[in-house]
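Okay, structure first, notes after.
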Amino acid sequence: MNTNRRQFISTLGLSTIALSAGIPSWAIGKKETQLEKISFISGIVDNFLKEDWKGTLEKLAQQGYTEMEFGEYMGTSAAEFKAVCKSLGINPFAGGSSMSDMLIDSDKKIAEALTSGKQYWVCYWPWLGDAKNITADEAKTAADNLNKLGKASKAGGIKFCWHNHNWEFEKATNEGFPFDILMKNTDPLTVKTELDLYWVKKGGGDPLQCLKKYPGRFDIMHVKDMDSTPVKSFACPGSGIIDFRPIFREAWDQGVRHYIVEKDNEQNGIECLKSSAAYLKNLRF
């Protein structure tokens, strides 16, 4: 028996044993790892930040958060904001706005984003309408606009991402789902994706398959969970039905290093972030 055949049989045998032991196929042959850092989006604690932004950031730093996605800088100046973040060990690395806003004075807004400490400029809504009945032409127009912003971002010295919602997965156009049209018609070198795992699943998509279908196109993950009710509403990571392990495994292997905790309409974001941090810091994948 030659060496290659012996190795194949040995690997097959180990795989069979692993599967019989209940180890999922995605974990076989992978080195177990965990997140190096965890992030949060400021909106989850917006009510606390308005009352005491410095104290709130200090609490979150103590919980173990080292990155933040945000809108406008807090405090009296960008310099003060960055100094406070630096002292707490929090990197204010990402944030942005909607397409309709970002297309106006793009260069100026890119410069402002850089001044506040951002390394990523994020388009949270790539649509110029409500996106409930997206046509192929609308998706192509959105892709063209994303390419414009991606090109401007590269010229300005910042990375660019767009953020998905459920609408890109719920209804196919005559040329496929809007998500696929956006991915196929944007420049991989200048337009990256901030993949919101909850919204993919809410729209009927599969986050893991998105990653596998478009490897290397994702730089940031929005991590929020889904509850088990028929409404499939938001949940703090670790308290819902989404299995993050295979998703994180694939994303990590592709080089994704930014995992941002989010939960829309959360009133007690401090506690949500606390439980999420405990879950994510102990998650092995």
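Each chain of the structure tokens is named A, B, ... in the order shown, its residues numbered from 1; ligands are numbered from 1 in display order.
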DSSP on the backbone: which residues in stretch 20-245 of chain A end up as strand (DSSP E or B)? Give the answer as a PyMOL selection string. chain A and resi 38-41+65-69+91-98+120-125+159-163+173-174+176+192-196+218-223+225-226+234-235
Would you write out those residues with N, CA and C atoms, as a CSV table (one decimal), in the first residue's frame?
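Writing the result to selection_36.csv gives the following:
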chain,number,residue,atom,x,y,z
A,38,ILE,N,-13.2,41.0,21.2
A,38,ILE,CA,-14.6,41.2,20.9
A,38,ILE,C,-14.9,42.7,20.8
A,39,SER,N,-16.0,43.0,20.1
A,39,SER,CA,-16.3,44.3,19.8
A,39,SER,C,-17.8,44.6,20.1
A,40,PHE,N,-18.2,45.8,20.1
A,40,PHE,CA,-19.6,46.2,20.3
A,40,PHE,C,-19.9,47.4,19.4
A,41,ILE,N,-21.2,47.5,19.1
A,41,ILE,CA,-21.6,48.7,18.4
A,41,ILE,C,-22.3,49.6,19.4
A,65,TYR,N,-14.3,44.3,26.2
A,65,TYR,CA,-14.4,44.8,24.9
A,65,TYR,C,-13.2,45.7,24.5
A,66,THR,N,-12.7,45.4,23.3
A,66,THR,CA,-11.5,46.2,22.9
A,66,THR,C,-11.7,46.9,21.6
A,67,GLU,N,-12.9,46.8,21.0
A,67,GLU,CA,-13.2,47.5,19.7
A,67,GLU,C,-14.6,48.0,19.8
A,68,MET,N,-14.8,49.2,19.1
A,68,MET,CA,-16.1,49.8,19.0
A,68,MET,C,-16.5,50.2,17.6
A,69,GLU,N,-17.7,50.0,17.2
A,69,GLU,CA,-18.3,50.6,16.0
A,69,GLU,C,-19.2,51.7,16.4
A,91,ASN,N,-10.5,50.4,20.7
A,91,ASN,CA,-10.2,50.9,19.3
A,91,ASN,C,-11.5,51.2,18.6
A,92,PRO,N,-11.8,52.5,18.4
A,92,PRO,CA,-13.0,53.0,17.7
A,92,PRO,C,-12.8,52.8,16.2
A,93,PHE,N,-12.9,51.6,15.7
A,93,PHE,CA,-12.4,51.3,14.4
A,93,PHE,C,-13.3,51.4,13.2
A,94,ALA,N,-14.6,51.5,13.4
A,94,ALA,CA,-15.6,51.4,12.3
A,94,ALA,C,-16.8,52.2,12.5
A,95,GLY,N,-17.5,52.6,11.5
A,95,GLY,CA,-18.7,53.3,11.5
A,95,GLY,C,-19.0,54.0,10.2
A,96,GLY,N,-20.3,54.4,10.1
A,96,GLY,CA,-20.6,55.0,8.8
A,96,GLY,C,-22.1,55.6,8.8
A,97,SER,N,-22.7,55.4,7.7
A,97,SER,CA,-24.1,56.0,7.5
A,97,SER,C,-24.8,55.2,6.4
A,98,SER,N,-25.8,55.8,5.8
A,98,SER,CA,-26.6,55.2,4.7
A,98,SER,C,-26.0,55.7,3.4
A,120,TYR,N,-12.5,51.7,9.2
A,120,TYR,CA,-13.5,51.2,8.2
A,120,TYR,C,-14.7,52.2,8.1
A,121,TRP,N,-15.1,52.5,6.9
A,121,TRP,CA,-16.2,53.3,6.7
A,121,TRP,C,-17.3,52.4,6.2
A,122,VAL,N,-18.5,52.4,6.9
A,122,VAL,CA,-19.5,51.3,6.7
A,122,VAL,C,-20.8,51.9,6.1
A,123,CYS,N,-21.3,51.4,5.0
A,123,CYS,CA,-22.6,51.8,4.5
A,123,CYS,C,-23.6,50.8,5.0
A,124,TYR,N,-24.4,51.3,5.9
A,124,TYR,CA,-25.4,50.4,6.6
A,124,TYR,C,-26.7,50.2,5.8
A,125,TRP,N,-26.9,51.0,4.8
A,125,TRP,CA,-28.1,50.9,4.0
A,125,TRP,C,-27.7,51.2,2.5
A,159,LYS,N,-10.8,51.8,4.7
A,159,LYS,CA,-11.4,50.6,4.1
A,159,LYS,C,-12.9,50.8,4.1
A,160,PHE,N,-13.6,50.1,3.1
A,160,PHE,CA,-15.0,50.3,3.0
A,160,PHE,C,-15.8,49.0,3.0
A,161,CYS,N,-16.9,49.0,3.7
A,161,CYS,CA,-17.8,47.8,3.8
A,161,CYS,C,-19.2,48.3,3.6
A,162,TRP,N,-20.0,47.3,3.2
A,162,TRP,CA,-21.5,47.5,3.2
A,162,TRP,C,-22.1,46.5,4.1
A,163,HIS,N,-23.3,46.8,4.7
A,163,HIS,CA,-23.9,46.0,5.7
A,163,HIS,C,-25.3,45.5,5.1
A,173,THR,N,-34.9,38.4,-7.5
A,173,THR,CA,-35.3,39.2,-8.8
A,173,THR,C,-35.2,38.2,-9.9
A,174,ASN,N,-35.4,38.7,-11.1
A,174,ASN,CA,-35.3,37.9,-12.3
A,174,ASN,C,-33.8,37.5,-12.6
A,176,GLY,N,-31.7,36.8,-9.8
A,176,GLY,CA,-31.2,36.2,-8.6
A,176,GLY,C,-31.5,37.1,-7.4
A,192,LYS,N,-15.8,45.6,0.7
A,192,LYS,CA,-15.9,44.4,1.5
A,192,LYS,C,-17.3,44.4,2.2
A,193,THR,N,-17.7,43.3,2.8
A,193,THR,CA,-19.0,43.2,3.4
A,193,THR,C,-18.9,43.0,4.9
A,194,GLU,N,-19.8,43.7,5.6
A,194,GLU,CA,-20.0,43.5,7.0
A,194,GLU,C,-21.2,42.6,7.1
A,195,LEU,N,-21.0,41.4,7.4
A,195,LEU,CA,-22.1,40.4,7.3
A,195,LEU,C,-22.8,40.4,8.6
A,196,ASP,N,-24.1,40.7,8.6
A,196,ASP,CA,-25.0,40.7,9.8
A,196,ASP,C,-25.6,39.3,9.8
A,218,PHE,N,-15.4,39.2,3.1
A,218,PHE,CA,-16.0,39.7,4.4
A,218,PHE,C,-14.9,40.1,5.3
A,219,ASP,N,-15.0,41.3,6.0
A,219,ASP,CA,-14.1,41.8,6.9
A,219,ASP,C,-14.6,41.9,8.3
A,220,ILE,N,-15.9,42.0,8.5
A,220,ILE,CA,-16.5,42.3,9.8
A,220,ILE,C,-17.8,41.4,9.9
A,221,MET,N,-18.0,40.8,11.1
A,221,MET,CA,-19.2,40.1,11.4
A,221,MET,C,-20.0,40.9,12.4
A,222,HIS,N,-21.4,41.1,12.2
A,222,HIS,CA,-22.3,41.6,13.2
A,222,HIS,C,-22.9,40.4,13.9
A,223,VAL,N,-22.6,40.3,15.1
A,223,VAL,CA,-23.0,39.1,15.9
A,223,VAL,C,-24.2,39.4,16.8
A,225,ASP,N,-28.0,37.4,18.1
A,225,ASP,CA,-28.7,36.1,18.0
A,225,ASP,C,-30.2,36.3,17.7
A,226,MET,N,-30.8,35.1,17.5
A,226,MET,CA,-32.3,35.1,17.1
A,226,MET,C,-33.0,34.3,18.2
A,234,PHE,N,-34.8,39.6,17.9
A,234,PHE,CA,-33.4,39.7,18.3
A,234,PHE,C,-33.1,39.1,19.7
A,235,ALA,N,-31.9,38.6,19.9
A,235,ALA,CA,-31.5,38.0,21.2
A,235,ALA,C,-30.0,38.3,21.4
Per DSSP on the backbone, what are the alpha helix (DSSP H) residues of stretch 127-276 of chain A, as number ranges by chain? A: 136-156, 167-170, 178-184, 197-202, 207-213, 244-253, 269-276
Could you turn the residues from that selection into a file that holds C-alpha atoms, as a PDB file, in the first residue's frame?
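Okay, result_8.pdb is ready:
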ATOM      1  CA  ALA A 136     -32.312  43.627 -10.439  1.00  0.00           C
ATOM      2  CA  ASP A 137     -31.770  47.130 -11.823  1.00  0.00           C
ATOM      3  CA  GLU A 138     -31.998  48.637  -8.339  1.00  0.00           C
ATOM      4  CA  ALA A 139     -29.485  46.103  -7.081  1.00  0.00           C
ATOM      5  CA  LYS A 140     -27.099  46.953  -9.921  1.00  0.00           C
ATOM      6  CA  THR A 141     -27.481  50.658  -9.199  1.00  0.00           C
ATOM      7  CA  ALA A 142     -26.694  49.972  -5.547  1.00  0.00           C
ATOM      8  CA  ALA A 143     -23.636  47.984  -6.616  1.00  0.00           C
ATOM      9  CA  ASP A 144     -22.462  50.889  -8.787  1.00  0.00           C
ATOM     10  CA  ASN A 145     -22.851  53.253  -5.834  1.00  0.00           C
ATOM     11  CA  LEU A 146     -20.956  50.869  -3.556  1.00  0.00           C
ATOM     12  CA  ASN A 147     -18.147  50.772  -6.104  1.00  0.00           C
ATOM     13  CA  LYS A 148     -18.048  54.587  -6.145  1.00  0.00           C
ATOM     14  CA  LEU A 149     -17.770  54.715  -2.364  1.00  0.00           C
ATOM     15  CA  GLY A 150     -15.217  51.916  -2.347  1.00  0.00           C
ATOM     16  CA  LYS A 151     -13.064  53.750  -4.854  1.00  0.00           C
ATOM     17  CA  ALA A 152     -13.347  57.025  -2.928  1.00  0.00           C
ATOM     18  CA  SER A 153     -12.514  55.239   0.322  1.00  0.00           C
ATOM     19  CA  LYS A 154      -9.405  53.666  -1.117  1.00  0.00           C
ATOM     20  CA  ALA A 155      -8.260  57.035  -2.445  1.00  0.00           C
ATOM     21  CA  GLY A 156      -8.943  58.583   0.966  1.00  0.00           C
ATOM     22  CA  TRP A 167     -34.258  42.268   2.321  1.00  0.00           C
ATOM     23  CA  GLU A 168     -31.305  41.080   0.255  1.00  0.00           C
ATOM     24  CA  PHE A 169     -32.350  37.459   0.888  1.00  0.00           C
ATOM     25  CA  GLU A 170     -36.146  37.439   1.038  1.00  0.00           C
ATOM     26  CA  PRO A 178     -30.195  41.048  -4.416  1.00  0.00           C
ATOM     27  CA  PHE A 179     -27.357  39.901  -2.146  1.00  0.00           C
ATOM     28  CA  ASP A 180     -25.815  37.878  -4.978  1.00  0.00           C
ATOM     29  CA  ILE A 181     -26.236  40.732  -7.458  1.00  0.00           C
ATOM     30  CA  LEU A 182     -24.431  43.082  -5.069  1.00  0.00           C
ATOM     31  CA  MET A 183     -21.625  40.614  -4.463  1.00  0.00           C
ATOM     32  CA  LYS A 184     -21.164  39.808  -8.158  1.00  0.00           C
ATOM     33  CA  LEU A 197     -25.600  37.045  10.776  1.00  0.00           C
ATOM     34  CA  TYR A 198     -29.052  37.620  12.242  1.00  0.00           C
ATOM     35  CA  TRP A 199     -30.411  39.466   9.212  1.00  0.00           C
ATOM     36  CA  VAL A 200     -29.127  36.810   6.817  1.00  0.00           C
ATOM     37  CA  LYS A 201     -31.000  34.138   8.758  1.00  0.00           C
ATOM     38  CA  LYS A 202     -34.079  36.340   9.206  1.00  0.00           C
ATOM     39  CA  PRO A 207     -24.599  32.855   6.927  1.00  0.00           C
ATOM     40  CA  LEU A 208     -22.234  29.904   6.613  1.00  0.00           C
ATOM     41  CA  GLN A 209     -23.079  29.388   2.951  1.00  0.00           C
ATOM     42  CA  CYS A 210     -22.647  33.124   2.285  1.00  0.00           C
ATOM     43  CA  LEU A 211     -19.114  32.885   3.618  1.00  0.00           C
ATOM     44  CA  LYS A 212     -18.340  29.789   1.588  1.00  0.00           C
ATOM     45  CA  LYS A 213     -19.859  31.190  -1.585  1.00  0.00           C
ATOM     46  CA  PHE A 244     -22.097  30.614  15.852  1.00  0.00           C
ATOM     47  CA  ARG A 245     -19.362  27.980  15.992  1.00  0.00           C
ATOM     48  CA  PRO A 246     -19.314  26.783  12.360  1.00  0.00           C
ATOM     49  CA  ILE A 247     -19.864  30.351  11.143  1.00  0.00           C
ATOM     50  CA  PHE A 248     -16.962  31.664  13.208  1.00  0.00           C
ATOM     51  CA  ARG A 249     -14.788  28.741  12.138  1.00  0.00           C
ATOM     52  CA  GLU A 250     -15.291  29.537   8.464  1.00  0.00           C
ATOM     53  CA  ALA A 251     -14.963  33.283   8.963  1.00  0.00           C
ATOM     54  CA  TRP A 252     -11.805  32.870  11.045  1.00  0.00           C
ATOM     55  CA  ASP A 253     -10.229  30.604   8.443  1.00  0.00           C
ATOM     56  CA  GLY A 269     -27.281  47.030  26.662  1.00  0.00           C
ATOM     57  CA  ILE A 270     -24.793  46.908  29.535  1.00  0.00           C
ATOM     58  CA  GLU A 271     -26.211  43.576  30.708  1.00  0.00           C
ATOM     59  CA  CYS A 272     -26.620  42.248  27.165  1.00  0.00           C
ATOM     60  CA  LEU A 273     -22.988  43.040  26.419  1.00  0.00           C
ATOM     61  CA  LYS A 274     -21.920  41.482  29.725  1.00  0.00           C
ATOM     62  CA  SER A 275     -23.611  38.143  28.976  1.00  0.00           C
ATOM     63  CA  SER A 276     -22.436  38.283  25.358  1.00  0.00           C
TER      64      SER A 276
END
Do you have the atom CA of A:Asp101-atom CA of A:Leu128 distance handy?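 These atoms are spaced 9.8 Å apart.
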